[in-house]
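Notes to accompany the following structure.
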Amino acid sequence: MSEMSDWLETAIGNSVLRGVALSIPATIYAALDSATQNDAAGGTELAGNGYARTAITFTTTAAGAGLFANNLCTFPTATANWLTITGMSIWDTITAGNMLLYTALDAAKYVGANDVFQFPAGSLTVTIA
């Protein structure tokens with residue numbers, strides 16, 4: 001996971017530099033994209049056919065300060081073919097909301113009817129440096 005959204009960059013800057021309280025979501029959600037997002041959240045999230053954003057959690061790693069890795073994240077079973085997944089993003093709500101982070105996948109992934117898409121534990125990392 002390599003990029004922060006404009007929204008998150010501004011929220012962190014306002015919190016640290018201006019004392020504006022940063023509202024921390026109790027749950028964050030992974031989204032799958034058929035066109036990779038950008039800093040302004042301009043990508044295309046999947047919709048329909050059983051797709052829904054899924055709660056995702058992260059843990060710190062022993063590799064160093066500011067490095068976080070995901071726990072297992074499993075999306076609902078596709079009820080019909082999904083568009084090809086080319087990226088993913090992290091959001092502060094299960095629908096709409098503010099995009100926090102995004103990245104392109106290393107390789108596009110097709111999800112057909114009855115398939116289950118997962119991010120295995122440790123497959124997504126975030127470095128705060």
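Note on naming: chains are A, B, ... as they come in the structure tokens, residues start from 1 per chain, ligands start from 1 in the order shown.
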
Next item on the list: Determine which residues of chain A receive a DSSP assignment of alpha helix (DSSP H), computed from the backbone, and state them as a PyMOL selection string.
Entry: chain A and resi 6-18

Next item on the list: Among the residues of region 4-114 of chain A, find those DSSP assigns to strand (DSSP E or B) from the backbone and print them as a count of residues only.
Entry: 41

Margin query: Nearest residue to Asn114 (chain A) out of A:Met99, A:Ala35, A:Ala80, A:Ile85, using only C-alpha atoms?
Written below: A:Ala80

Item checked: For region 47-57 of chain A: contacts at 7 Å, only C-alpha atoms, fewer than 2 positions along chain excluded, given as an NGL selection string -> :A and (27-31 or 45 or 59 or 70-71 or 73 or 75-82 or 94)

Written file, previous selection with C-alpha atoms, as a compact mmCIF listing (two decimals), in the first residue's frame:
# COMPACT_ATOMS: atom_id res chain seq x y z
CA THR A 27 -13.32 0.20 11.71
CA ILE A 28 -11.63 0.70 8.36
CA TYR A 29 -12.69 -1.02 5.15
CA ALA A 30 -10.88 -2.47 2.15
CA ALA A 31 -12.36 -1.74 -1.28
CA GLU A 45 -14.74 0.77 -7.10
CA THR A 59 -0.78 -5.09 13.02
CA ASN A 70 -2.67 -6.61 7.25
CA ASN A 71 -4.39 -9.51 8.92
CA CYS A 73 -9.06 -9.93 4.75
CA PHE A 75 -14.40 -10.41 0.67
CA PRO A 76 -17.90 -11.87 0.16
CA THR A 77 -18.39 -14.64 -2.39
CA ALA A 78 -18.99 -13.26 -5.90
CA THR A 79 -22.56 -14.04 -6.98
CA ALA A 80 -21.63 -13.34 -10.61
CA ASN A 81 -18.44 -12.25 -12.40
CA TRP A 82 -16.79 -9.10 -11.02
CA ILE A 94 -18.43 0.79 4.66

Next item on the list: Pick out the residues sitting within 9 Å of Ala108 (chain A), and hand them over as a list in words; count only C-alpha atoms, and ignore anything fewer than 6 positions along from it in its own chain.
Entry: Ser34, Thr84, Ile85, Thr86 and Gly87 of chain A

Next item on the list: Could you tell me which of A:Gly122, A:Asp115, A:Trp7, A:Gly97 comes closest to Thr60 (chain A) if we count only C-alpha atoms?
Entry: A:Gly122

Set the distance at 12 Å and use only C-alpha atoms: which residues neighbour Ile24 (chain A) once local chain neighbours fewer than 2 positions away are removed? I'd like the list as an mmCIF file with C-alpha atoms, in the first residue's frame.
data_model
loop_
_atom_site.group_PDB
_atom_site.id
_atom_site.type_symbol
_atom_site.label_atom_id
_atom_site.label_comp_id
_atom_site.auth_asym_id
_atom_site.auth_seq_id
_atom_site.Cartn_x
_atom_site.Cartn_y
_atom_site.Cartn_z
ATOM 1 C CA LEU A 8 -5.749 11.824 4.817
ATOM 2 C CA ALA A 11 -6.357 15.572 8.009
ATOM 3 C CA ILE A 12 -2.959 14.552 9.443
ATOM 4 C CA SER A 15 -4.127 17.523 13.359
ATOM 5 C CA ALA A 21 -8.878 16.848 16.101
ATOM 6 C CA LEU A 22 -8.542 13.899 13.736
ATOM 7 C CA ALA A 26 -13.336 2.393 14.828
ATOM 8 C CA THR A 27 -13.324 0.197 11.712
ATOM 9 C CA ILE A 28 -11.633 0.698 8.362
ATOM 10 C CA TRP A 91 -11.867 3.771 3.496
ATOM 11 C CA ASP A 92 -13.218 5.098 6.789
ATOM 12 C CA THR A 93 -16.784 3.836 6.212
ATOM 13 C CA ASN A 98 -13.216 9.204 2.888
ATOM 14 C CA LEU A 100 -7.441 6.891 3.349
#

Next item on the list: Could you tell me which of A:Val126, A:Leu32, A:Val111, A:Ala104 comes closest to Thr61 (chain A) if we count only C-alpha atoms?
Entry: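 Once distances to Thr61 (chain A) are computed over only C-alpha atoms, the minimum belongs to A:Val126.
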